[in-house]
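Visitor: Right, I'll just put the structure down here and ask away after.
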Amino acid sequence: MTSDGTPHPSNGRALIDDDDNDFWFGFEQEYFLWDPETNKPLGFPANGYPAPQGPYYCSVGAYNSFGREIVEEHLDACLDAGLNVEGINAEVAAGQWEFQIFAKGAAQAGDEIWIARYLLERIGESYGVAINWHCKPLGELDWNGSGMHANFSNTLLRTAGDKAIFDKVCESFRPVVKEHIEVYGADNHLRLTGKHETASIHDFSYGLSDRGASIRIPIVAAQKGWKGYLEDRRPNSAADPYKVAARISLQ
């Protein structure tokens, strides 16, 4: 809050109606475990690079998986705190991980992401490992960036029963691309390039089970008679979940 009692501009939670639980959100929070000594992700040698990305995704074994003890301790801490963590997995780059949180209501979803981020920072600290939330910490190298994909639904989507309704909802995002990108995280132009499972920041697209689209329509929605949810793949790993959820709720 500011000194006059109004919400501070950084207060994304003030944008949300706490009593509106019609929107459900599932955030996929990606991040890198970062070695402060090498200034590289865990699993990267001090000089040079590991093998190209690919075998690290959902991997096991010391050749491909780095920092699992941190990730699993974080999962336990989130569950102990009562957070609704849906899962964890190693991501496509060495040292890159993800956790997923689902909540009914934009405020609750944002609360749980922020608490989970804090817990991860504290646990990483105890291991001497930093958490890198930047959306493209490896720059233009051939490695994926980090997102915070926003899966969302409301009563309309959950009960639609018609592909035309899904298309209409997706099209409603087209005229407001700029407004969404403004709250989808800093430096997103570095990540949304049209490569590495992203759509270009300059385009808007949607498609069934399309990882290269701005908004992906999950295949399960079609399989269940066009009832379900959508996935906005544009928010990045450092975005404010309150602002992301508030913007999506306006559509």
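Simple scheme: letters A, B, ... for chains in structure tokens order, numbers from 1 for residues in each chain, numbers from 1 for ligands in the order shown.
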Apply DSSP to the backbone of this structure and, from segment 57-246 of chain A, keep only the residues in strand (DSSP E or B); write these as a short mmCIF file (atom, residue, chain, number, x, y, z; two decimals) with N, CA and C atoms, in the first residue's frame.
Guide:
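Below is the file states22.cif, written as the result:
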data_model
loop_
_atom_site.label_atom_id
_atom_site.label_comp_id
_atom_site.auth_asym_id
_atom_site.auth_seq_id
_atom_site.Cartn_x
_atom_site.Cartn_y
_atom_site.Cartn_z
N VAL A 85 -0.07 -28.23 -5.01
CA VAL A 85 0.90 -28.56 -6.05
C VAL A 85 0.42 -29.81 -6.79
N GLU A 86 0.30 -29.69 -8.10
CA GLU A 86 -0.20 -30.79 -8.91
C GLU A 86 0.92 -31.71 -9.40
N GLY A 87 2.15 -31.20 -9.42
CA GLY A 87 3.25 -32.04 -9.90
C GLY A 87 4.53 -31.26 -10.03
N ILE A 88 5.61 -31.99 -10.30
CA ILE A 88 6.92 -31.42 -10.59
C ILE A 88 7.54 -32.23 -11.72
N ASN A 89 8.45 -31.61 -12.46
CA ASN A 89 9.20 -32.37 -13.46
C ASN A 89 10.46 -31.61 -13.87
N ALA A 90 11.47 -32.39 -14.27
CA ALA A 90 12.65 -31.79 -14.89
C ALA A 90 12.26 -31.32 -16.28
N GLN A 96 17.03 -27.16 -15.39
CA GLN A 96 15.73 -26.48 -15.48
C GLN A 96 14.63 -27.40 -14.94
N TRP A 97 13.75 -26.83 -14.11
CA TRP A 97 12.68 -27.60 -13.49
C TRP A 97 11.37 -26.85 -13.57
N GLU A 98 10.32 -27.53 -13.15
CA GLU A 98 8.99 -26.93 -13.17
C GLU A 98 8.14 -27.52 -12.04
N PHE A 99 7.28 -26.67 -11.46
CA PHE A 99 6.20 -27.18 -10.61
C PHE A 99 4.90 -26.58 -11.10
N GLN A 100 3.81 -27.30 -10.83
CA GLN A 100 2.49 -26.85 -11.26
C GLN A 100 1.58 -26.68 -10.05
N ILE A 101 0.84 -25.58 -10.06
CA ILE A 101 -0.10 -25.29 -8.98
C ILE A 101 -1.46 -24.95 -9.57
N PHE A 102 -2.50 -25.55 -9.01
CA PHE A 102 -3.87 -25.29 -9.45
C PHE A 102 -4.66 -24.68 -8.30
N ALA A 103 -5.52 -23.73 -8.65
CA ALA A 103 -6.41 -23.14 -7.64
C ALA A 103 -7.67 -22.62 -8.30
N LYS A 104 -8.76 -22.64 -7.55
CA LYS A 104 -10.01 -22.05 -7.99
C LYS A 104 -10.05 -20.61 -7.51
N ALA A 130 21.17 -20.75 -6.24
CA ALA A 130 20.24 -19.66 -6.52
C ALA A 130 19.12 -20.15 -7.42
N ILE A 131 18.00 -19.41 -7.42
CA ILE A 131 16.89 -19.71 -8.31
C ILE A 131 16.84 -18.61 -9.37
N ASN A 132 16.97 -19.02 -10.62
CA ASN A 132 16.96 -18.03 -11.71
C ASN A 132 15.58 -18.05 -12.36
N GLY A 147 8.98 -20.48 -18.90
CA GLY A 147 7.66 -19.87 -18.93
C GLY A 147 6.90 -20.08 -17.64
N MET A 148 5.72 -19.52 -17.59
CA MET A 148 4.76 -19.81 -16.54
C MET A 148 3.41 -19.96 -17.26
N HIS A 149 3.30 -21.04 -18.02
CA HIS A 149 2.09 -21.25 -18.81
C HIS A 149 0.86 -21.16 -17.91
N ALA A 150 -0.14 -20.45 -18.39
CA ALA A 150 -1.36 -20.22 -17.60
C ALA A 150 -2.50 -21.03 -18.18
N ASN A 151 -2.84 -22.12 -17.53
CA ASN A 151 -4.02 -22.90 -17.90
C ASN A 151 -5.22 -22.30 -17.16
N PHE A 152 -6.30 -22.08 -17.89
CA PHE A 152 -7.43 -21.40 -17.27
C PHE A 152 -8.76 -21.90 -17.83
N SER A 153 -9.79 -21.78 -17.02
CA SER A 153 -11.14 -22.10 -17.46
C SER A 153 -12.13 -21.28 -16.66
N THR A 193 10.11 -16.13 -29.46
CA THR A 193 10.79 -15.91 -30.74
C THR A 193 10.21 -16.74 -31.88
N SER A 200 5.90 -16.41 -31.79
CA SER A 200 6.56 -15.11 -31.83
C SER A 200 5.75 -14.09 -31.06
N TYR A 206 -3.59 -19.67 -32.21
CA TYR A 206 -4.08 -20.71 -31.31
C TYR A 206 -4.31 -21.97 -32.14
N GLY A 207 -4.25 -23.11 -31.47
CA GLY A 207 -4.41 -24.36 -32.19
C GLY A 207 -4.54 -25.53 -31.24
N LEU A 208 -5.09 -26.59 -31.76
CA LEU A 208 -5.30 -27.80 -30.98
C LEU A 208 -3.97 -28.51 -30.73
N ILE A 215 -1.86 -19.55 -27.73
CA ILE A 215 -2.79 -20.25 -26.86
C ILE A 215 -2.98 -21.66 -27.41
N ARG A 216 -2.75 -22.62 -26.57
CA ARG A 216 -2.94 -24.01 -26.97
C ARG A 216 -4.28 -24.52 -26.46
N ILE A 217 -5.05 -25.14 -27.35
CA ILE A 217 -6.27 -25.83 -26.95
C ILE A 217 -5.89 -27.27 -26.64
N LEU A 230 -8.16 -23.75 -21.49
CA LEU A 230 -7.19 -23.27 -22.47
C LEU A 230 -5.85 -23.04 -21.78
N GLU A 231 -4.80 -23.02 -22.56
CA GLU A 231 -3.46 -22.78 -22.02
C GLU A 231 -2.82 -21.60 -22.75
N ASP A 232 -2.67 -20.49 -22.06
CA ASP A 232 -1.94 -19.35 -22.61
C ASP A 232 -0.46 -19.59 -22.34
N ASN A 236 5.70 -15.50 -18.89
CA ASN A 236 7.02 -16.08 -18.62
C ASN A 236 7.25 -16.32 -17.14
#
Visitor: Name the residues in contact with segment 112-127 of chain A at a cut-off of 9 Å, using only C-alpha atoms, excluding same-chain residues fewer than 2 positions from it; report them as a list in words.
Guide: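 Answer for this query is Phe27, Gln29, Leu33, Ile70, Val71, Glu73, His74, Leu75, Ala77, Cys78, Ala81, Leu83, Asn84, Val85, Gln100, Ile101, Phe102, Ala103, Ala107, Gln108, Ala109, Gly110, Val129, Ala130, Ile131, Asp240 and Pro241 of chain A.
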Visitor: Would you mind telling me which residue in A:Ala106, A:Ile201, A:Leu190, A:Ala245 lies nearest to His134 of chain A when using only C-alpha atoms?
Guide: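 Looking at the shortest contact to His134 of chain A, the residue is A:Leu190.
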Visitor: Skip Arg211 of chain A itself and residues of its chain fewer than 2 positions away, then list as a ChimeraX atom specification all residues within 7 Å of it, counting only C-alpha atoms.
Guide: /A:197-198,209,213,216
Visitor: Name the residues of segment 112-239 of chain A that fall into alpha helix (DSSP H) according to DSSP on the backbone, using the chain letters and numbers of this document, as a ChimeraX atom specification.
Guide: /A:112-127,155-159,163-171,177-181,188-191,219-223
Visitor: Under the rule that only C-alpha atoms are counted, which of A:Glu69, A:Asp162, A:Asp210, A:Asp187 is the nearest residue to Ala238 of chain A?
Guide: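 Checking each candidate against Ala238 of chain A, we get A:Asp187 as the closest.
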Visitor: Any idea what's packed within 8 Å of Asn64 of chain A, counting only C-alpha atoms, ignoring anything in its chain fewer than 3 positions away? Could you give it as a PyMOL selection string?
Guide: chain A and resi 43+55-56+59-61+94
Visitor: Please write the residues from the selection above to a file, keeping C-alpha atoms, as a PDB file, in the first residue's frame.
Guide:
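Contents of the output file selection_16.pdb:
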ATOM      1  CA  GLY A  43      24.703 -29.486 -14.620  1.00  0.00           C
ATOM      2  CA  PRO A  55      17.561 -36.027 -22.466  1.00  0.00           C
ATOM      3  CA  TYR A  56      17.017 -33.825 -19.406  1.00  0.00           C
ATOM      4  CA  SER A  59      14.921 -37.443 -16.647  1.00  0.00           C
ATOM      5  CA  VAL A  60      16.508 -39.644 -14.007  1.00  0.00           C
ATOM      6  CA  GLY A  61      20.147 -40.425 -13.354  1.00  0.00           C
ATOM      7  CA  ALA A  94      19.971 -29.094 -17.836  1.00  0.00           C
TER       8      ALA A  94
END
Visitor: Taking into account only C-alpha atoms, which residue in the set A:Ala46, A:Ile248, A:Ala93, A:Ile165 is nearest to Lys136 of chain A?
Guide: A:Ala93
Visitor: When you draw a straight line from atom CA of Asn154 of chain A to atom CA of Tyr229 of chain A, how long is it in Å?
Guide: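 Going from atom CA of Asn154 of chain A over to atom CA of Tyr229 of chain A, I get 7.7 Å.
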Visitor: Leaving out His202 of chain A and any residue of its chain fewer than 3 positions from it, which residues lie within 10 Å of it when counting only C-alpha atoms, given as a list of chain:residue names?
Guide: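 Once the nearby chain positions are removed, what remains is A:Val177, A:Lys178, A:His189, A:Leu192, A:Thr193, A:Gly194, A:Ala199.
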Visitor: Take the residues just selected and output them with C-alpha atoms as a PDB file, in the first residue's frame.
Guide:
ATOM      1  CA  VAL A 177      -2.168  -8.842 -27.455  1.00  0.00           C
ATOM      2  CA  LYS A 178      -0.313  -5.720 -26.336  1.00  0.00           C
ATOM      3  CA  HIS A 189      10.801 -10.745 -26.480  1.00  0.00           C
ATOM      4  CA  LEU A 192       8.842 -15.529 -27.506  1.00  0.00           C
ATOM      5  CA  THR A 193      10.790 -15.914 -30.736  1.00  0.00           C
ATOM      6  CA  GLY A 194       8.823 -18.583 -32.568  1.00  0.00           C
ATOM      7  CA  ALA A 199       5.008 -18.385 -30.699  1.00  0.00           C
TER       8      ALA A 199
END
Visitor: Rounded to one decimal in Å, what is the spacing between atom CA of Gln251 of chain A and atom CA of Tyr31 of chain A?
Guide: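 Computed distance, atom CA of Gln251 of chain A to atom CA of Tyr31 of chain A, equals 27.6 Å.
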Visitor: Give the answer as one residue: which of A:Ser10, A:Thr155, A:Ser3, A:Asn21 has the shortest atom-to-atom distance to Lys227 of chain A, using only C-alpha atoms?
Guide: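 The closest residue to Lys227 of chain A is A:Thr155.
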Visitor: Find, counting only C-alpha atoms, the residue in A:Lys168, A:Lys163, A:Arg234, A:Arg13 that gets nearest to Ala186 of chain A.
Guide: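 Selected residue with least distance to Ala186 of chain A: A:Arg234.
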Visitor: For the atom pair atom CA of Leu141 of chain A and atom CA of Thr38 of chain A, what is the interatomic distance in Å to one decimal place?
Guide: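 Computed distance, atom CA of Leu141 of chain A to atom CA of Thr38 of chain A, equals 17.0 Å.
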